[in-house]
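With TSV, C-alpha atoms inside, this is entry_20.tsv:
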```
chain	number	residue	atom	x	y	z
A	9	GLY	CA	0.00	0.00	0.00
A	10	ALA	CA	0.88	3.64	-0.22
A	11	VAL	CA	3.54	4.64	2.28
A	12	VAL	CA	4.45	8.03	3.64
A	13	SER	CA	7.83	8.27	5.32
A	14	GLN	CA	8.69	11.04	7.75
A	15	HIS	CA	12.15	11.88	9.05
A	16	PRO	CA	13.36	12.33	11.69
A	17	SER	CA	11.01	10.53	14.03
A	18	TRP	CA	12.19	12.64	16.92
A	19	VAL	CA	14.45	15.63	17.38
A	20	ILE	CA	15.63	17.71	20.30
A	21	CYS	CA	16.95	21.16	19.59
A	22	LYS	CA	17.92	24.27	21.45
A	23	SER	CA	15.78	27.36	21.49
A	24	GLY	CA	16.59	29.64	18.57
A	25	THR	CA	17.75	26.95	16.19
A	26	SER	CA	15.91	25.68	13.12
A	27	VAL	CA	14.73	22.17	12.47
A	28	LYS	CA	13.83	20.58	9.15
A	29	ILE	CA	11.35	17.71	8.89
A	30	GLU	CA	11.06	15.67	5.71
A	31	CYS	CA	8.00	13.94	4.37
A	32	ARG	CA	8.31	11.52	1.48
A	33	SER	CA	5.80	9.54	-0.48
A	34	LEU	CA	7.61	6.29	-1.13
A	35	ASP	CA	5.59	4.57	-3.82
A	36	PHE	CA	3.34	7.24	-5.24
A	37	GLN	CA	3.53	10.82	-6.38
A	38	ALA	CA	1.99	13.49	-4.24
A	39	THR	CA	1.30	16.88	-5.74
A	40	THR	CA	-0.24	17.82	-2.44
A	41	MET	CA	0.80	17.01	1.10
A	42	PHE	CA	-0.67	18.19	4.37
A	43	TRP	CA	1.13	19.12	7.56
A	44	TYR	CA	-0.59	18.63	10.90
A	45	ARG	CA	0.37	19.38	14.45
A	46	GLN	CA	-0.77	17.35	17.41
A	47	PHE	CA	-0.43	18.47	20.99
A	48	PRO	CA	-0.47	15.86	23.76
A	49	LYS	CA	-3.92	14.44	24.35
A	50	GLN	CA	-5.33	16.65	21.62
A	51	SER	CA	-6.43	16.27	18.06
A	52	LEU	CA	-4.58	16.95	14.85
A	53	MET	CA	-4.68	20.53	13.69
A	54	LEU	CA	-4.06	21.23	10.05
A	55	MET	CA	-1.20	23.69	9.67
A	56	ALA	CA	-0.77	23.99	5.95
A	57	THR	CA	-1.22	22.43	2.55
A	58	SER	CA	2.00	21.85	0.66
A	59	ASN	CA	1.72	22.19	-3.10
A	60	GLU	CA	4.36	20.86	-5.47
A	61	GLY	CA	5.88	23.68	-7.48
A	62	SER	CA	3.98	26.48	-5.79
A	63	LYS	CA	3.57	28.19	-2.46
A	64	ALA	CA	2.05	26.41	0.49
A	65	THR	CA	-1.36	27.39	1.75
A	66	TYR	CA	-1.39	28.11	5.47
A	67	GLU	CA	-4.32	27.78	7.82
A	68	GLN	CA	-5.46	30.77	9.78
A	69	GLY	CA	-3.21	31.51	12.73
A	70	VAL	CA	-0.19	29.60	11.41
A	71	GLU	CA	2.88	31.77	10.92
A	72	LYS	CA	4.22	31.09	7.45
A	73	ASP	CA	7.55	32.73	8.23
A	74	LYS	CA	8.03	30.42	11.18
A	75	PHE	CA	6.89	27.21	9.55
A	76	LEU	CA	8.54	27.17	6.15
A	77	ILE	CA	7.23	24.60	3.73
A	78	ASN	CA	8.92	23.52	0.54
A	79	HIS	CA	7.50	20.96	-1.87
A	80	ALA	CA	10.39	20.59	-4.25
A	81	SER	CA	9.38	17.37	-5.96
A	82	LEU	CA	6.43	15.06	-6.39
A	83	THR	CA	7.66	12.86	-3.57
A	84	LEU	CA	9.13	15.26	-1.03
A	85	SER	CA	7.81	18.03	1.16
A	86	THR	CA	9.79	19.65	3.97
A	87	LEU	CA	8.68	21.62	6.99
A	88	THR	CA	11.27	23.85	8.63
A	89	VAL	CA	10.55	25.22	12.06
A	90	THR	CA	12.62	28.38	12.18
A	91	SER	CA	13.97	29.90	15.38
A	92	ALA	CA	12.26	27.24	17.42
A	93	HIS	CA	10.98	27.98	20.89
A	94	PRO	CA	9.74	25.65	23.63
A	95	GLU	CA	6.12	26.37	22.68
A	96	ASP	CA	6.85	24.83	19.27
A	97	SER	CA	7.43	21.50	20.95
A	98	SER	CA	4.84	19.19	19.51
A	99	PHE	CA	4.18	16.20	17.31
A	100	TYR	CA	4.25	17.08	13.62
A	101	ILE	CA	2.60	14.76	11.13
A	102	CYS	CA	2.51	14.86	7.36
A	103	SER	CA	0.06	13.15	5.09
A	104	ALA	CA	-0.68	12.74	1.43
A	105	PRO	CA	-3.49	11.36	-0.72
A	106	PRO	CA	-2.19	8.50	-2.89
A	107	GLY	CA	-2.52	9.14	-6.56
A	108	GLY	CA	-3.26	12.78	-5.99
A	109	SER	CA	-6.93	12.10	-5.55
A	110	TYR	CA	-8.54	14.30	-2.98
A	111	ASN	CA	-11.11	11.63	-2.36
A	112	SER	CA	-8.53	9.07	-1.40
A	113	PRO	CA	-8.02	8.51	2.29
A	114	LEU	CA	-4.92	10.26	3.46
A	115	HIS	CA	-1.91	8.18	4.33
A	116	PHE	CA	0.01	9.49	7.29
A	117	GLY	CA	3.65	9.51	8.17
A	118	ASN	CA	4.77	8.25	11.55
A	119	GLY	CA	5.20	11.78	12.80
A	120	THR	CA	8.09	13.77	14.24
A	121	ARG	CA	8.33	14.52	17.92
A	122	LEU	CA	9.99	17.91	18.31
A	123	THR	CA	11.28	18.99	21.69
A	124	VAL	CA	12.74	22.47	22.02
A	125	THR	CA	14.80	23.06	25.13
B	8	ALA	CA	-16.16	26.88	8.91
B	9	GLN	CA	-16.21	23.15	9.21
B	10	SER	CA	-15.92	21.55	12.59
B	11	VAL	CA	-16.03	18.03	13.94
B	12	SER	CA	-17.18	17.15	17.42
B	13	GLN	CA	-16.57	13.90	19.22
B	14	HIS	CA	-18.77	13.53	22.25
B	15	ASN	CA	-16.63	11.35	24.43
B	16	HIS	CA	-13.12	12.21	25.49
B	17	HIS	CA	-12.39	8.98	27.31
B	18	VAL	CA	-14.34	5.76	27.23
B	19	ILE	CA	-13.55	2.81	29.46
B	20	LEU	CA	-15.05	-0.58	28.63
B	21	SER	CA	-14.58	-4.17	29.60
B	22	GLU	CA	-13.76	-6.74	26.96
B	23	ALA	CA	-16.77	-7.99	24.99
B	24	ALA	CA	-18.73	-4.82	25.70
B	25	SER	CA	-20.28	-2.98	22.80
B	26	LEU	CA	-18.85	0.30	21.64
B	27	GLU	CA	-20.35	3.39	20.11
B	28	LEU	CA	-18.35	6.58	19.67
B	29	GLY	CA	-20.21	9.68	18.62
B	30	CYS	CA	-19.13	12.05	15.87
B	31	ASN	CA	-20.99	15.07	14.56
B	32	TYR	CA	-19.84	17.53	11.97
B	33	SER	CA	-20.98	20.93	10.85
B	34	TYR	CA	-20.94	21.49	7.12
B	35	GLY	CA	-23.85	21.87	4.80
B	36	GLY	CA	-22.33	20.52	1.63
B	37	THR	CA	-21.13	17.15	0.44
B	38	VAL	CA	-18.59	15.54	2.69
B	39	ASN	CA	-16.39	12.51	2.93
B	40	LEU	CA	-16.16	10.98	6.39
B	41	PHE	CA	-13.42	8.99	8.04
B	42	TRP	CA	-12.52	7.26	11.24
B	43	TYR	CA	-8.84	6.89	12.07
B	44	VAL	CA	-7.25	4.97	14.92
B	45	GLN	CA	-3.96	5.69	16.63
B	46	TYR	CA	-2.57	2.87	18.72
B	47	PRO	CA	-0.12	3.82	21.46
B	48	GLY	CA	3.16	4.88	19.93
B	49	GLN	CA	1.97	4.37	16.37
B	50	HIS	CA	0.81	6.54	13.52
B	51	LEU	CA	-2.71	7.10	12.34
B	52	GLN	CA	-4.39	4.27	10.49
B	53	LEU	CA	-7.61	4.38	8.53
B	54	LEU	CA	-10.43	2.34	10.06
B	55	LEU	CA	-13.13	3.10	7.55
B	56	LYS	CA	-14.43	5.77	5.24
B	57	TYR	CA	-17.65	6.97	3.68
B	58	PHE	CA	-17.77	8.71	0.32
B	59	SER	CA	-21.19	7.81	-1.03
B	60	GLY	CA	-23.65	4.94	-1.33
B	61	ASP	CA	-24.67	2.70	1.54
B	62	PRO	CA	-24.57	4.86	4.67
B	63	LEU	CA	-23.56	1.86	6.78
B	64	VAL	CA	-19.89	1.24	6.13
B	65	LYS	CA	-17.79	-1.58	7.42
B	66	GLY	CA	-14.14	-1.20	8.19
B	67	ILE	CA	-11.26	-3.23	9.47
B	68	LYS	CA	-11.18	-5.17	12.72
B	69	GLY	CA	-14.94	-5.44	13.00
B	70	PHE	CA	-15.66	-1.73	13.15
B	71	GLU	CA	-18.54	-0.09	11.35
B	72	ALA	CA	-20.00	3.38	11.13
B	73	GLU	CA	-23.31	4.81	10.02
B	74	PHE	CA	-23.70	8.08	8.20
B	75	ILE	CA	-26.94	9.81	9.13
B	76	LYS	CA	-27.12	12.87	6.94
B	77	SER	CA	-30.08	14.43	8.72
B	78	LYS	CA	-28.19	14.32	11.98
B	79	PHE	CA	-24.80	15.25	10.54
B	80	SER	CA	-23.47	12.23	12.36
B	81	PHE	CA	-21.04	9.41	11.64
B	82	ASN	CA	-20.90	7.26	14.75
B	83	LEU	CA	-18.44	4.42	15.09
B	84	ARG	CA	-19.56	1.06	16.45
B	85	LYS	CA	-18.20	-2.32	17.34
B	86	PRO	CA	-20.35	-5.07	18.84
B	87	SER	CA	-17.65	-6.58	21.04
B	88	VAL	CA	-14.42	-4.80	21.88
B	89	GLN	CA	-11.11	-6.43	22.65
B	90	TRP	CA	-8.23	-5.32	24.80
B	91	SER	CA	-6.26	-4.69	21.60
B	92	ASP	CA	-8.76	-1.99	20.62
B	93	THR	CA	-7.30	0.27	23.27
B	94	ALA	CA	-6.30	3.35	21.28
B	95	GLU	CA	-7.23	6.90	20.35
B	96	TYR	CA	-9.99	7.24	17.77
B	97	PHE	CA	-10.39	10.24	15.53
B	98	CYS	CA	-13.33	11.19	13.37
B	99	ALA	CA	-12.46	13.36	10.38
B	100	VAL	CA	-14.32	15.19	7.65
B	101	ASN	CA	-13.26	16.30	4.23
B	102	ALA	CA	-15.51	18.61	2.28
B	103	ASN	CA	-15.53	17.96	-1.43
B	104	ASN	CA	-14.62	21.53	-2.24
B	105	GLN	CA	-11.78	21.79	0.26
B	106	GLY	CA	-8.99	20.21	-1.73
B	107	GLY	CA	-8.49	17.13	0.37
B	108	LYS	CA	-8.03	18.80	3.74
B	109	LEU	CA	-9.12	16.73	6.68
B	110	ILE	CA	-10.66	18.35	9.72
B	111	PHE	CA	-10.33	16.17	12.78
B	112	GLY	CA	-12.43	15.82	15.86
B	113	GLN	CA	-10.89	16.08	19.30
B	114	GLY	CA	-10.36	12.36	19.55
B	115	THR	CA	-11.72	9.74	21.92
B	116	GLU	CA	-9.44	7.66	24.06
B	117	LEU	CA	-10.73	4.13	24.41
B	118	SER	CA	-9.44	1.96	27.22
B	119	VAL	CA	-10.51	-1.67	27.20
B	120	LYS	CA	-10.01	-3.59	30.41
B	121	PRO	CA	-9.12	-7.28	30.02
```
Output the file's structure in the form of structure tokens.
Amino acid sequence: GAVVSQHPSWVICKSGTSVKIECRSLDFQATTMFWYRQFPKQSLMLMATSNEGSKATYEQGVEKDKFLINHASLTLSTLTVTSAHPEDSSFYICSAPPGGSYNSPLHFGNGTRLTVT
Amino acid sequence: AQSVSQHNHHVILSEAASLELGCNYSYGGTVNLFWYVQYPGQHLQLLLKYFSGDPLVKGIKGFEAEFIKSKFSFNLRKPSVQWSDTAEYFCAVNANNQGGKLIFGQGTELSVKP
């Protein structure tokens, strides 16, 4: 089945540094990928829609200059948390619809646990 | 704006008990509906989905859900739960004109006692 790979699975960084998270579709092309954030014991909140070859679309309240998204190819989207602060500590999850169909169930990566000290 | 509401935050059941988790959404147009499960330490997995057709959909591991359009509901059911069903369950909605974005409910933590 369709697989979405996310790397790293966990990262610890110091406040003020930047962290890049990669999301890859392993056996299908994804013109669109979605980035979610999940706080402990809470639901997934959509942060942004990553579009191959064009700018990402951010949800209301998400700082685009802080959460930089690049969708450089049909199989790779990256999320960079710039100048990270402890409040950015969270679980970040990417997802993609296989085959580019918006009606396909999303396949999710395993997520990245970010801890900012 | 779309929203999804799950009624129960934490449900505790004994093995073999029946399960029903509530999910209501607010959106007047055509929607696709999903239930995802997240086992401890694992990523989200699709349990079942509804796009169109028979409003009673069957998923993996004996789960089913019924779409009641008039009630804007998509409740998840299982006749007899097992200890291995202990997990977090998320209801999600995708509106057909929203480009594939999923809006998730708050999640329901299910604990099944052996």
Give one line per residue of chain B that approaches chain A to at most 12 Å, naming the two atoms of the closest pair and their distance in Å to one decimal, counting only C-alpha atoms; sort by chain then ascending residue number and deliver it as JSON lines.
```
{"residue": "B:Ala8", "atom": "CA", "partner": "A:Gln68", "partner_atom": "CA", "distance": 11.4}
{"residue": "B:Ser10", "atom": "CA", "partner": "A:Met53", "partner_atom": "CA", "distance": 11.3}
{"residue": "B:Val11", "atom": "CA", "partner": "A:Ser51", "partner_atom": "CA", "distance": 10.6}
{"residue": "B:Ser12", "atom": "CA", "partner": "A:Ser51", "partner_atom": "CA", "distance": 10.8}
{"residue": "B:Gln13", "atom": "CA", "partner": "A:Ser51", "partner_atom": "CA", "distance": 10.5}
{"residue": "B:His16", "atom": "CA", "partner": "A:Lys49", "partner_atom": "CA", "distance": 9.5}
{"residue": "B:His17", "atom": "CA", "partner": "A:Lys49", "partner_atom": "CA", "distance": 10.5}
{"residue": "B:Thr37", "atom": "CA", "partner": "A:Asn111", "partner_atom": "CA", "distance": 11.8}
{"residue": "B:Val38", "atom": "CA", "partner": "A:Asn111", "partner_atom": "CA", "distance": 9.8}
{"residue": "B:Asn39", "atom": "CA", "partner": "A:Asn111", "partner_atom": "CA", "distance": 7.5}
{"residue": "B:Leu40", "atom": "CA", "partner": "A:Pro113", "partner_atom": "CA", "distance": 9.4}
{"residue": "B:Phe41", "atom": "CA", "partner": "A:Pro113", "partner_atom": "CA", "distance": 7.9}
{"residue": "B:Trp42", "atom": "CA", "partner": "A:Pro113", "partner_atom": "CA", "distance": 10.1}
{"residue": "B:Tyr43", "atom": "CA", "partner": "A:Pro113", "partner_atom": "CA", "distance": 9.9}
{"residue": "B:Val44", "atom": "CA", "partner": "A:Phe116", "partner_atom": "CA", "distance": 11.5}
{"residue": "B:Gln45", "atom": "CA", "partner": "A:Asn118", "partner_atom": "CA", "distance": 10.4}
{"residue": "B:Tyr46", "atom": "CA", "partner": "A:Asn118", "partner_atom": "CA", "distance": 11.6}
{"residue": "B:Pro47", "atom": "CA", "partner": "A:Lys49", "partner_atom": "CA", "distance": 11.6}
{"residue": "B:Gly48", "atom": "CA", "partner": "A:Asn118", "partner_atom": "CA", "distance": 9.2}
{"residue": "B:Gln49", "atom": "CA", "partner": "A:Asn118", "partner_atom": "CA", "distance": 6.8}
{"residue": "B:His50", "atom": "CA", "partner": "A:Asn118", "partner_atom": "CA", "distance": 4.7}
{"residue": "B:Leu51", "atom": "CA", "partner": "A:Phe116", "partner_atom": "CA", "distance": 6.2}
{"residue": "B:Gln52", "atom": "CA", "partner": "A:Phe116", "partner_atom": "CA", "distance": 7.5}
{"residue": "B:Leu53", "atom": "CA", "partner": "A:Pro113", "partner_atom": "CA", "distance": 7.5}
{"residue": "B:Leu54", "atom": "CA", "partner": "A:Pro113", "partner_atom": "CA", "distance": 10.2}
{"residue": "B:Leu55", "atom": "CA", "partner": "A:Pro113", "partner_atom": "CA", "distance": 9.1}
{"residue": "B:Lys56", "atom": "CA", "partner": "A:Pro113", "partner_atom": "CA", "distance": 7.6}
{"residue": "B:Tyr57", "atom": "CA", "partner": "A:Pro113", "partner_atom": "CA", "distance": 9.9}
{"residue": "B:Phe58", "atom": "CA", "partner": "A:Asn111", "partner_atom": "CA", "distance": 7.8}
{"residue": "B:Ser59", "atom": "CA", "partner": "A:Asn111", "partner_atom": "CA", "distance": 10.9}
{"residue": "B:Ala94", "atom": "CA", "partner": "A:Lys49", "partner_atom": "CA", "distance": 11.8}
{"residue": "B:Glu95", "atom": "CA", "partner": "A:Lys49", "partner_atom": "CA", "distance": 9.2}
{"residue": "B:Tyr96", "atom": "CA", "partner": "A:Ser51", "partner_atom": "CA", "distance": 9.7}
{"residue": "B:Phe97", "atom": "CA", "partner": "A:Ser51", "partner_atom": "CA", "distance": 7.6}
{"residue": "B:Cys98", "atom": "CA", "partner": "A:Ser51", "partner_atom": "CA", "distance": 9.8}
{"residue": "B:Ala99", "atom": "CA", "partner": "A:Leu52", "partner_atom": "CA", "distance": 9.7}
{"residue": "B:Val100", "atom": "CA", "partner": "A:Pro113", "partner_atom": "CA", "distance": 10.6}
{"residue": "B:Asn101", "atom": "CA", "partner": "A:Asn111", "partner_atom": "CA", "distance": 8.4}
{"residue": "B:Ala102", "atom": "CA", "partner": "A:Asn111", "partner_atom": "CA", "distance": 9.5}
{"residue": "B:Asn103", "atom": "CA", "partner": "A:Asn111", "partner_atom": "CA", "distance": 7.8}
{"residue": "B:Asn104", "atom": "CA", "partner": "A:Tyr110", "partner_atom": "CA", "distance": 9.5}
{"residue": "B:Gln105", "atom": "CA", "partner": "A:Tyr110", "partner_atom": "CA", "distance": 8.8}
{"residue": "B:Gly106", "atom": "CA", "partner": "A:Tyr110", "partner_atom": "CA", "distance": 6.1}
{"residue": "B:Gly107", "atom": "CA", "partner": "A:Tyr110", "partner_atom": "CA", "distance": 4.4}
{"residue": "B:Lys108", "atom": "CA", "partner": "A:Phe42", "partner_atom": "CA", "distance": 7.4}
{"residue": "B:Leu109", "atom": "CA", "partner": "A:Leu54", "partner_atom": "CA", "distance": 7.6}
{"residue": "B:Ile110", "atom": "CA", "partner": "A:Leu54", "partner_atom": "CA", "distance": 7.2}
{"residue": "B:Phe111", "atom": "CA", "partner": "A:Leu52", "partner_atom": "CA", "distance": 6.2}
{"residue": "B:Gly112", "atom": "CA", "partner": "A:Ser51", "partner_atom": "CA", "distance": 6.4}
{"residue": "B:Gln113", "atom": "CA", "partner": "A:Ser51", "partner_atom": "CA", "distance": 4.6}
{"residue": "B:Gly114", "atom": "CA", "partner": "A:Ser51", "partner_atom": "CA", "distance": 5.7}
{"residue": "B:Thr115", "atom": "CA", "partner": "A:Ser51", "partner_atom": "CA", "distance": 9.2}
{"residue": "B:Glu116", "atom": "CA", "partner": "A:Lys49", "partner_atom": "CA", "distance": 8.7}
```
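Among the candidates A:Lys72, A:Thr65, A:Pro106, A:Tyr100, the residue lying nearest to Leu34 of chain A is A:Pro106 (atoms considered: only C-alpha atoms).
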Test item: which residues lie within 8 Å of (-17.3, -1.5, 11.0) counting all atoms listed in the file, as a ChimeraX atom specification: /B:54-55,64-72,83-85
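Comparing the minimum interatomic distances between Pro86 of chain B and each of B:Pro121, B:Tyr34, B:Ala23, B:Leu28, counting all atoms listed in the file, we find that B:Ala23 sits nearest.
Here atom CA of Gln9 of chain B is placed at a distance of 17.1 Å from atom CA of Ile75 of chain B.
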Residue contacts of Arg32 of chain A (9 Å, all atoms listed in the file) excluding same-chain residues fewer than 6 positions away, as a PyMOL selection string: chain A and resi 11-15+38+82-86+102+117
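The two atoms in question, atom CA of Cys21 of chain A and atom CA of Leu87 of chain A, are spaced 15.1 Å apart.
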Tell me, as a compact mmCIF listing (two decimals) with C-alpha atoms, in the coordinates of the input, which residues lie within 10 Å of Lys78 of chain B, counting all atoms listed in the file; anything in the same chain fewer than 3 positions away does not count.
```
# COMPACT_ATOMS: atom_id res chain seq x y z
CA ASN B 31 -20.99 15.07 14.56
CA TYR B 32 -19.84 17.53 11.97
CA SER B 33 -20.98 20.93 10.85
CA PHE B 74 -23.70 8.08 8.20
CA ILE B 75 -26.94 9.81 9.13
CA PHE B 81 -21.04 9.41 11.64
```
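For the pair atom CA of Trp90 of chain B and atom CA of Cys30 of chain B, the interatomic distance is 22.4 Å.
By chain and then residue number, the residues within 10 Å of Ser97 of chain A are Val19, Ile20, Cys21, Arg45, Gln46, Phe47, Ala92, His93, Arg121, Leu122, Thr123, Val124 and Thr125 of chain A, counting only C-alpha atoms and disregarding those fewer than 4 positions away in sequence.
With all atoms listed in the file as the basis for measurement, A:Ala80 is the residue among A:Ala80, A:Gln37, A:Ser98, A:Lys22 that approaches Asn59 of chain A most closely.
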